[in-house]
Every structure is written in structure tokens, then in C-alpha cells.
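What follows is the content of model.cif (mmCIF, N, CA and C atoms and all ligand atoms).
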```cif
data_run
#
loop_
_atom_site.label_atom_id
_atom_site.label_comp_id
_atom_site.auth_asym_id
_atom_site.auth_seq_id
_atom_site.Cartn_x
_atom_site.Cartn_y
_atom_site.Cartn_z
N MET A 1 -2.69 2.04 -3.98
CA MET A 1 -2.14 1.24 -2.89
C MET A 1 -1.11 0.26 -3.44
N TYR A 2 -0.22 -0.16 -2.57
CA TYR A 2 0.84 -1.07 -3.00
C TYR A 2 0.69 -2.47 -2.41
N LYS A 3 -0.24 -2.59 -1.47
CA LYS A 3 -0.43 -3.89 -0.84
C LYS A 3 -1.83 -4.41 -1.14
N ALA A 4 -1.90 -5.68 -1.49
CA ALA A 4 -3.19 -6.34 -1.68
C ALA A 4 -3.13 -7.68 -0.96
N ILE A 5 -4.29 -8.18 -0.63
CA ILE A 5 -4.37 -9.50 -0.02
C ILE A 5 -4.71 -10.52 -1.11
N ASN A 6 -3.90 -11.55 -1.20
CA ASN A 6 -4.20 -12.65 -2.10
C ASN A 6 -5.09 -13.64 -1.36
N GLN A 7 -6.34 -13.71 -1.79
CA GLN A 7 -7.30 -14.55 -1.06
C GLN A 7 -7.04 -16.03 -1.26
N LEU A 8 -6.34 -16.38 -2.32
CA LEU A 8 -6.05 -17.80 -2.58
C LEU A 8 -5.02 -18.32 -1.59
N THR A 9 -4.01 -17.51 -1.34
CA THR A 9 -2.92 -17.95 -0.47
C THR A 9 -2.97 -17.28 0.90
N GLU A 10 -3.92 -16.32 1.05
CA GLU A 10 -4.05 -15.56 2.29
C GLU A 10 -2.73 -14.92 2.70
N THR A 11 -2.06 -14.36 1.71
CA THR A 11 -0.81 -13.65 1.96
C THR A 11 -0.93 -12.22 1.45
N GLU A 12 -0.05 -11.38 1.97
CA GLU A 12 0.02 -10.00 1.52
C GLU A 12 0.97 -9.92 0.33
N ILE A 13 0.56 -9.17 -0.65
CA ILE A 13 1.42 -8.93 -1.81
C ILE A 13 1.77 -7.46 -1.87
N ILE A 14 3.05 -7.17 -1.85
CA ILE A 14 3.52 -5.80 -2.02
C ILE A 14 4.08 -5.69 -3.43
N ILE A 15 3.40 -4.93 -4.24
CA ILE A 15 3.75 -4.89 -5.65
C ILE A 15 5.08 -4.18 -5.89
N LEU A 16 5.57 -3.47 -4.87
CA LEU A 16 6.87 -2.79 -4.99
C LEU A 16 8.04 -3.76 -4.89
N GLU A 17 7.78 -4.96 -4.38
CA GLU A 17 8.88 -5.91 -4.22
C GLU A 17 9.40 -6.35 -5.60
N PRO A 18 10.72 -6.38 -5.75
CA PRO A 18 11.31 -6.69 -7.06
C PRO A 18 10.84 -8.01 -7.64
N THR A 19 10.48 -8.96 -6.78
CA THR A 19 10.07 -10.27 -7.26
C THR A 19 8.90 -10.19 -8.24
N TRP A 20 8.06 -9.16 -8.09
CA TRP A 20 6.87 -9.08 -8.95
C TRP A 20 7.16 -8.50 -10.32
N SER A 21 8.30 -7.83 -10.45
CA SER A 21 8.57 -7.23 -11.76
C SER A 21 8.72 -8.32 -12.84
N GLY A 22 9.13 -9.50 -12.44
CA GLY A 22 9.22 -10.60 -13.40
C GLY A 22 8.03 -11.53 -13.35
N ASN A 23 7.02 -11.12 -12.60
CA ASN A 23 5.88 -12.01 -12.36
C ASN A 23 4.55 -11.30 -12.60
N LEU A 24 4.59 -10.32 -13.48
CA LEU A 24 3.42 -9.48 -13.70
C LEU A 24 2.22 -10.29 -14.18
N GLU A 25 2.47 -11.28 -15.03
CA GLU A 25 1.36 -12.07 -15.58
C GLU A 25 0.61 -12.81 -14.48
N GLN A 26 1.36 -13.29 -13.51
CA GLN A 26 0.72 -13.97 -12.38
C GLN A 26 -0.19 -13.01 -11.61
N LEU A 27 0.32 -11.82 -11.36
CA LEU A 27 -0.49 -10.82 -10.67
C LEU A 27 -1.76 -10.50 -11.47
N ARG A 28 -1.59 -10.36 -12.77
CA ARG A 28 -2.74 -10.02 -13.61
C ARG A 28 -3.78 -11.14 -13.59
N ARG A 29 -3.32 -12.40 -13.60
CA ARG A 29 -4.25 -13.52 -13.56
C ARG A 29 -5.04 -13.52 -12.25
N TRP A 30 -4.34 -13.33 -11.14
CA TRP A 30 -5.04 -13.27 -9.85
C TRP A 30 -6.06 -12.15 -9.87
N SER A 31 -5.66 -10.99 -10.39
CA SER A 31 -6.54 -9.85 -10.42
C SER A 31 -7.79 -10.14 -11.27
N GLN A 32 -7.59 -10.77 -12.41
CA GLN A 32 -8.72 -11.08 -13.28
C GLN A 32 -9.72 -12.00 -12.58
N ASN A 33 -9.22 -12.84 -11.71
CA ASN A 33 -10.08 -13.77 -10.97
C ASN A 33 -10.59 -13.18 -9.66
N ASP A 34 -10.36 -11.89 -9.47
CA ASP A 34 -10.78 -11.21 -8.24
C ASP A 34 -10.16 -11.83 -6.99
N ALA A 35 -8.99 -12.40 -7.14
CA ALA A 35 -8.33 -13.02 -5.98
C ALA A 35 -7.58 -11.99 -5.15
N LEU A 36 -7.30 -10.82 -5.74
CA LEU A 36 -6.58 -9.78 -5.01
C LEU A 36 -7.58 -8.76 -4.49
N VAL A 37 -7.54 -8.52 -3.18
CA VAL A 37 -8.49 -7.57 -2.59
C VAL A 37 -7.76 -6.55 -1.73
N CYS A 38 -8.45 -5.43 -1.54
CA CYS A 38 -7.96 -4.35 -0.68
C CYS A 38 -8.02 -4.81 0.78
N GLN A 39 -6.96 -4.52 1.53
CA GLN A 39 -6.95 -4.95 2.94
C GLN A 39 -7.95 -4.16 3.78
N GLU A 40 -8.37 -3.01 3.29
CA GLU A 40 -9.28 -2.17 4.08
C GLU A 40 -10.74 -2.56 3.86
N CYS A 41 -11.14 -2.67 2.59
CA CYS A 41 -12.56 -2.87 2.29
C CYS A 41 -12.85 -4.25 1.71
N GLN A 42 -11.81 -5.03 1.48
CA GLN A 42 -11.97 -6.41 0.99
C GLN A 42 -12.57 -6.49 -0.41
N GLN A 43 -12.55 -5.38 -1.13
CA GLN A 43 -13.07 -5.38 -2.49
C GLN A 43 -11.93 -5.66 -3.48
N PRO A 44 -12.28 -6.24 -4.64
CA PRO A 44 -11.23 -6.61 -5.58
C PRO A 44 -10.47 -5.40 -6.14
N VAL A 45 -9.20 -5.61 -6.38
CA VAL A 45 -8.37 -4.56 -6.94
C VAL A 45 -7.76 -5.05 -8.25
N ARG A 46 -7.39 -4.11 -9.09
CA ARG A 46 -6.71 -4.43 -10.34
C ARG A 46 -5.26 -3.99 -10.26
N VAL A 47 -4.46 -4.56 -11.14
CA VAL A 47 -3.03 -4.23 -11.22
C VAL A 47 -2.86 -3.08 -12.19
N ARG A 48 -2.22 -2.02 -11.75
CA ARG A 48 -1.89 -0.91 -12.63
C ARG A 48 -0.38 -0.94 -12.86
N ALA A 49 0.00 -1.44 -13.99
CA ALA A 49 1.43 -1.60 -14.28
C ALA A 49 1.74 -0.90 -15.60
N GLY A 50 1.77 0.41 -15.54
CA GLY A 50 2.05 1.20 -16.74
C GLY A 50 3.50 1.64 -16.81
N GLU A 51 3.75 2.51 -17.75
CA GLU A 51 5.12 2.96 -17.98
C GLU A 51 5.49 4.15 -17.09
N VAL A 52 4.51 4.96 -16.76
CA VAL A 52 4.83 6.24 -16.12
C VAL A 52 4.83 6.13 -14.60
N ARG A 53 3.68 5.77 -14.06
CA ARG A 53 3.59 5.74 -12.59
C ARG A 53 4.08 4.40 -12.05
N THR A 54 4.53 4.46 -10.81
CA THR A 54 4.96 3.24 -10.12
C THR A 54 3.80 2.23 -10.11
N TRP A 55 4.13 0.98 -10.35
CA TRP A 55 3.09 -0.05 -10.34
C TRP A 55 2.34 -0.02 -9.02
N HIS A 56 1.03 -0.18 -9.10
CA HIS A 56 0.22 -0.16 -7.88
C HIS A 56 -1.07 -0.91 -8.12
N PHE A 57 -1.84 -1.05 -7.06
CA PHE A 57 -3.17 -1.63 -7.15
C PHE A 57 -4.20 -0.52 -7.07
N ALA A 58 -5.34 -0.74 -7.72
CA ALA A 58 -6.44 0.23 -7.65
C ALA A 58 -7.75 -0.55 -7.54
N HIS A 59 -8.69 0.01 -6.79
CA HIS A 59 -10.00 -0.63 -6.66
C HIS A 59 -10.63 -0.81 -8.04
N LYS A 60 -11.27 -1.95 -8.25
CA LYS A 60 -11.97 -2.15 -9.51
C LYS A 60 -13.23 -1.30 -9.59
N HIS A 61 -13.85 -1.09 -8.44
CA HIS A 61 -15.08 -0.32 -8.40
C HIS A 61 -14.91 0.84 -7.44
N ARG A 62 -15.45 1.97 -7.84
CA ARG A 62 -15.41 3.13 -6.93
C ARG A 62 -16.36 2.88 -5.77
N GLN A 63 -15.85 3.10 -4.58
CA GLN A 63 -16.71 2.98 -3.42
C GLN A 63 -16.02 3.69 -2.28
N ASN A 64 -16.70 3.70 -1.16
CA ASN A 64 -16.11 4.30 0.02
C ASN A 64 -15.06 3.38 0.60
N CYS A 65 -13.84 3.86 0.60
CA CYS A 65 -12.75 3.12 1.21
C CYS A 65 -11.78 4.18 1.71
N VAL A 66 -11.23 3.98 2.91
CA VAL A 66 -10.36 5.01 3.47
C VAL A 66 -9.13 5.25 2.61
N ILE A 67 -8.75 4.26 1.82
CA ILE A 67 -7.59 4.48 0.96
C ILE A 67 -8.00 4.51 -0.51
N GLY A 68 -9.26 4.85 -0.76
CA GLY A 68 -9.75 4.86 -2.13
C GLY A 68 -9.40 6.10 -2.91
N ASN A 69 -8.95 7.14 -2.24
CA ASN A 69 -8.71 8.41 -2.91
C ASN A 69 -7.31 8.95 -2.65
N GLU A 70 -6.33 8.11 -2.62
CA GLU A 70 -4.98 8.57 -2.35
C GLU A 70 -4.42 9.29 -3.58
N SER A 71 -3.75 10.39 -3.33
CA SER A 71 -3.23 11.18 -4.43
C SER A 71 -2.00 10.51 -5.03
N PRO A 72 -1.75 10.77 -6.32
CA PRO A 72 -0.51 10.23 -6.93
C PRO A 72 0.73 10.69 -6.19
N GLN A 73 0.69 11.90 -5.62
CA GLN A 73 1.86 12.41 -4.90
C GLN A 73 2.13 11.60 -3.64
N LEU A 74 1.07 11.27 -2.94
CA LEU A 74 1.23 10.48 -1.72
C LEU A 74 1.76 9.09 -2.08
N LEU A 75 1.18 8.49 -3.12
CA LEU A 75 1.63 7.16 -3.53
C LEU A 75 3.10 7.17 -3.92
N GLN A 76 3.48 8.21 -4.66
CA GLN A 76 4.87 8.28 -5.11
C GLN A 76 5.83 8.45 -3.93
N ALA A 77 5.42 9.30 -2.99
CA ALA A 77 6.26 9.52 -1.81
C ALA A 77 6.41 8.22 -1.02
N ARG A 78 5.34 7.46 -0.94
CA ARG A 78 5.38 6.20 -0.20
C ARG A 78 6.32 5.20 -0.89
N ALA A 79 6.27 5.14 -2.20
CA ALA A 79 7.14 4.22 -2.93
C ALA A 79 8.60 4.60 -2.76
N LEU A 80 8.88 5.89 -2.83
CA LEU A 80 10.26 6.35 -2.65
C LEU A 80 10.76 6.01 -1.25
N LEU A 81 9.91 6.26 -0.26
CA LEU A 81 10.30 5.99 1.12
C LEU A 81 10.54 4.49 1.31
N TYR A 82 9.63 3.68 0.77
CA TYR A 82 9.77 2.23 0.89
C TYR A 82 11.10 1.75 0.30
N ARG A 83 11.41 2.23 -0.89
CA ARG A 83 12.63 1.76 -1.56
C ARG A 83 13.88 2.22 -0.82
N TRP A 84 13.81 3.43 -0.26
CA TRP A 84 14.95 3.92 0.51
C TRP A 84 15.14 3.07 1.77
N LEU A 85 14.03 2.76 2.45
CA LEU A 85 14.13 1.95 3.66
C LEU A 85 14.63 0.54 3.35
N VAL A 86 14.17 -0.02 2.24
CA VAL A 86 14.64 -1.36 1.84
C VAL A 86 16.14 -1.33 1.58
N SER A 87 16.61 -0.26 0.98
CA SER A 87 18.05 -0.15 0.71
C SER A 87 18.84 -0.07 2.01
N LYS A 88 18.22 0.44 3.07
CA LYS A 88 18.90 0.57 4.36
C LYS A 88 18.80 -0.69 5.20
N PHE A 89 17.60 -1.29 5.21
CA PHE A 89 17.32 -2.34 6.18
C PHE A 89 17.05 -3.71 5.56
N GLY A 90 16.86 -3.76 4.25
CA GLY A 90 16.52 -5.03 3.61
C GLY A 90 15.02 -5.23 3.54
N SER A 91 14.57 -5.89 2.48
CA SER A 91 13.12 -5.98 2.23
C SER A 91 12.41 -6.82 3.29
N GLU A 92 13.14 -7.73 3.95
CA GLU A 92 12.45 -8.59 4.92
C GLU A 92 12.02 -7.83 6.18
N ARG A 93 12.61 -6.64 6.38
CA ARG A 93 12.24 -5.87 7.58
C ARG A 93 11.26 -4.74 7.28
N VAL A 94 11.03 -4.49 6.01
CA VAL A 94 10.24 -3.31 5.64
C VAL A 94 8.92 -3.72 5.01
N THR A 95 7.85 -3.05 5.41
CA THR A 95 6.58 -3.26 4.73
C THR A 95 5.90 -1.91 4.51
N VAL A 96 4.85 -1.93 3.71
CA VAL A 96 4.07 -0.72 3.45
C VAL A 96 2.64 -0.93 3.91
N GLU A 97 1.95 0.21 4.10
CA GLU A 97 0.51 0.18 4.35
C GLU A 97 0.16 -0.82 5.43
N LYS A 98 0.79 -0.62 6.57
CA LYS A 98 0.63 -1.57 7.66
C LYS A 98 -0.48 -1.13 8.62
N ARG A 99 -1.34 -2.06 8.92
CA ARG A 99 -2.34 -1.88 9.96
C ARG A 99 -1.81 -2.48 11.25
N LEU A 100 -1.96 -1.72 12.33
CA LEU A 100 -1.58 -2.24 13.63
C LEU A 100 -2.82 -2.75 14.34
N PRO A 101 -2.76 -3.96 14.86
CA PRO A 101 -3.90 -4.43 15.66
C PRO A 101 -4.04 -3.56 16.90
N ASP A 102 -5.23 -3.31 17.31
CA ASP A 102 -5.53 -2.56 18.54
C ASP A 102 -5.21 -1.07 18.43
N VAL A 103 -4.83 -0.59 17.26
CA VAL A 103 -4.59 0.84 17.11
C VAL A 103 -5.52 1.35 16.01
N GLU A 104 -6.36 2.31 16.37
CA GLU A 104 -7.29 2.86 15.40
C GLU A 104 -6.65 4.05 14.69
N LEU A 105 -6.31 3.86 13.44
CA LEU A 105 -5.75 4.94 12.64
C LEU A 105 -6.68 5.20 11.46
N ALA A 106 -6.67 6.45 10.99
CA ALA A 106 -7.54 6.80 9.88
C ALA A 106 -7.16 6.05 8.61
N ARG A 107 -5.88 5.76 8.48
CA ARG A 107 -5.42 4.97 7.34
C ARG A 107 -4.16 4.23 7.77
N PRO A 108 -3.77 3.23 6.99
CA PRO A 108 -2.61 2.44 7.42
C PRO A 108 -1.33 3.27 7.48
N ILE A 109 -0.38 2.79 8.25
CA ILE A 109 0.94 3.41 8.31
C ILE A 109 1.62 3.23 6.96
N ASP A 110 2.25 4.30 6.47
CA ASP A 110 2.82 4.24 5.12
C ASP A 110 3.93 3.21 5.01
N CYS A 111 4.92 3.32 5.89
CA CYS A 111 6.02 2.37 5.87
C CYS A 111 6.34 1.95 7.29
N TRP A 112 6.83 0.73 7.40
CA TRP A 112 7.07 0.13 8.72
C TRP A 112 8.37 -0.66 8.65
N VAL A 113 9.25 -0.40 9.61
CA VAL A 113 10.49 -1.17 9.69
C VAL A 113 10.46 -1.97 10.98
N ALA A 114 10.55 -3.28 10.86
CA ALA A 114 10.51 -4.16 12.02
C ALA A 114 11.92 -4.43 12.51
N GLY A 115 12.07 -4.54 13.81
CA GLY A 115 13.38 -4.84 14.40
C GLY A 115 13.25 -4.86 15.90
N GLU A 116 14.39 -4.74 16.59
CA GLU A 116 14.33 -4.66 18.05
C GLU A 116 13.47 -3.48 18.46
N VAL A 117 13.63 -2.40 17.70
CA VAL A 117 12.73 -1.26 17.84
C VAL A 117 12.04 -1.09 16.49
N ASN A 118 10.72 -0.99 16.51
CA ASN A 118 9.99 -0.80 15.27
C ASN A 118 9.88 0.68 14.94
N PHE A 119 9.94 0.97 13.65
CA PHE A 119 9.77 2.35 13.20
C PHE A 119 8.55 2.44 12.30
N ALA A 120 7.71 3.43 12.61
CA ALA A 120 6.55 3.69 11.76
C ALA A 120 6.75 5.01 11.03
N TYR A 121 6.50 5.01 9.74
CA TYR A 121 6.61 6.24 8.94
C TYR A 121 5.24 6.57 8.40
N TRP A 122 4.83 7.79 8.69
CA TRP A 122 3.53 8.24 8.21
C TRP A 122 3.73 9.53 7.44
N ILE A 123 3.34 9.51 6.20
CA ILE A 123 3.55 10.68 5.33
C ILE A 123 2.33 11.59 5.42
N PHE A 124 2.60 12.86 5.65
CA PHE A 124 1.52 13.85 5.66
C PHE A 124 1.63 14.73 4.43
N GLU A 125 0.51 14.93 3.80
CA GLU A 125 0.47 15.87 2.69
C GLU A 125 0.17 17.25 3.25
N THR A 126 0.98 18.21 2.88
CA THR A 126 0.77 19.55 3.43
C THR A 126 -0.48 20.20 2.87
N ASN A 127 -0.95 19.71 1.74
CA ASN A 127 -2.17 20.29 1.19
C ASN A 127 -3.41 19.51 1.61
N LEU A 128 -3.22 18.63 2.60
CA LEU A 128 -4.36 17.89 3.13
C LEU A 128 -5.36 18.89 3.71
N LYS A 129 -6.60 18.75 3.33
CA LYS A 129 -7.59 19.70 3.81
C LYS A 129 -7.81 19.52 5.30
N PRO A 130 -8.05 20.64 6.01
CA PRO A 130 -8.16 20.59 7.48
C PRO A 130 -9.07 19.49 8.03
N PRO A 131 -10.26 19.27 7.48
CA PRO A 131 -11.11 18.21 8.07
C PRO A 131 -10.41 16.84 8.01
N ASN A 132 -9.74 16.57 6.89
CA ASN A 132 -9.05 15.30 6.77
C ASN A 132 -7.88 15.22 7.73
N ARG A 133 -7.18 16.37 7.86
CA ARG A 133 -6.02 16.37 8.74
C ARG A 133 -6.47 16.10 10.19
N ASP A 134 -7.59 16.71 10.55
CA ASP A 134 -8.09 16.48 11.91
C ASP A 134 -8.49 15.02 12.10
N ALA A 135 -9.04 14.44 11.04
CA ALA A 135 -9.46 13.04 11.13
C ALA A 135 -8.25 12.14 11.38
N VAL A 136 -7.15 12.46 10.70
CA VAL A 136 -5.93 11.68 10.89
C VAL A 136 -5.42 11.86 12.31
N ARG A 137 -5.41 13.13 12.76
CA ARG A 137 -4.84 13.42 14.06
C ARG A 137 -5.63 12.75 15.18
N SER A 138 -6.93 12.75 15.04
CA SER A 138 -7.75 12.17 16.10
C SER A 138 -7.80 10.66 16.00
N GLY A 139 -7.23 10.12 14.89
CA GLY A 139 -7.31 8.69 14.66
C GLY A 139 -6.39 7.90 15.56
ZN ZN A 201 -10.43 -0.56 -0.28
#
```
For the file at hand, write its structure as C-alpha cells.
Amino acid sequence: MYKAINQLTETEIIILEPTWSGNLEQLRRWSQNDALVCQECQQPVRVRAGEVRTWHFAHKHRQNCVIGNESPQLLQARALLYRWLVSKFGSERVTVEKRLPDVELARPIDCWVAGEVNFAYWIFETNLKPPNRDAVRSG
């Protein structure tokens, strides 16, 4: 996942935002103190900031969470889409992993562009197994 909730400031942190590339130590400190949690299950997440994969957050403990088993392919597609949208609309209008109040979805919307008309982007994996696909569709 790319979004975590900072419980100290009660703000959303999107690790894809360029501001964090120079602030990794701050993110790591918050993570060590369990201040960063998953927006879905409220469990602490760690910062994964390696050389190969796009920086992201991961649950510290394995458990049932609707976004606990996202594939690297889905994550990568989401990051690419986010960066492309930011290049088009600016970072202040674009967010990732957005939950809509009053709308029951199986998982958050991948990317969201706010404006006079809002745009929701939801990435589907073609190799998604049928039961999961049905769960998304009925969500
Ligand atoms: Zn979670």
C-alpha cells in the first residue's frame, strides 16, 4: 500500500509523494513507534524503501486485511497510474487508495482525481481469480 495514517498528526501519508524521498528517516521513526497504521485495519505498517520496488508500506504483522495481499504487479500499476495522473493534474488533486464514505467497495479506489468532476480509477488484474473478481463486482 502507498497510503498510511499517521496517528500522531491524524493525516494521510502517501509515500509516493516526492516530499518523502528526502524525509525517509522521519517516516522510519514514525514506523518504529507504530505511529503509521493501515487505513483499513488500523494495524501498524512498516516502510519498505528498497532499491528495486517502489517505496511502499507493508503490514508489520500478517493478518486478515482486504489490502494485505496485493500483488507487486497491482502495486506497480497503481504507482505508475498515480505518477501519470500527478503529471497531468498536479499532486494536490490526485490521491491513491481512496475510501469513499457511504460506498461499500471490496478495496479502496486505486487512484482518485478531485475536481469539478471527480475521476475514480480502479485497476483490475486480469489474473484475478473468479471468486475475488465477483467479490469486487458485488462490492
Ligand atoms: Zn490493513
(message) as a PyMOL selection string, please: every protein or nucleic acid residue near ligand ZN 201 (chain A) (cut-off 7 Å, counting only N, CA and C atoms and all ligand atoms).
(response) chain A and resi 37-43+59+64-68
(request) Excluding A:Leu16 and residues on its chain fewer than 4 positions from it, collect all residues at most 8 Å away from it, counting only N, CA and C atoms, and give them as a list of chain:residue names. (result)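 Here the answer would be A:Met1, A:Tyr2, A:Lys3, A:Trp20, A:Ser21, A:Thr54, A:Trp55, A:His56, A:Ala79, A:Arg83.
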(message) Calculated over only C-alpha atoms, which of the candidates A:Asp34, A:Glu70, A:Glu12, A:Glu92 has the smallest distance to A:Arg107?
(response)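 Among the listed residues, the smallest separation from A:Arg107 belongs to A:Glu70.
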(request) Find the distance between atom N of A:Pro44 and atom CA of A:Asn6 and write it in Å to one decimal. (result)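 Separating atom N of A:Pro44 from atom CA of A:Asn6 is a distance of 10.6 Å.
Within the 7 Å cut-off around A:Asp110, using only C-alpha atoms and omitting residues fewer than 4 positions from it on the same chain, the listed residues are Arg78, Val96, Glu97, Lys98, Tyr121, Trp122 and Ile123 of chain A.
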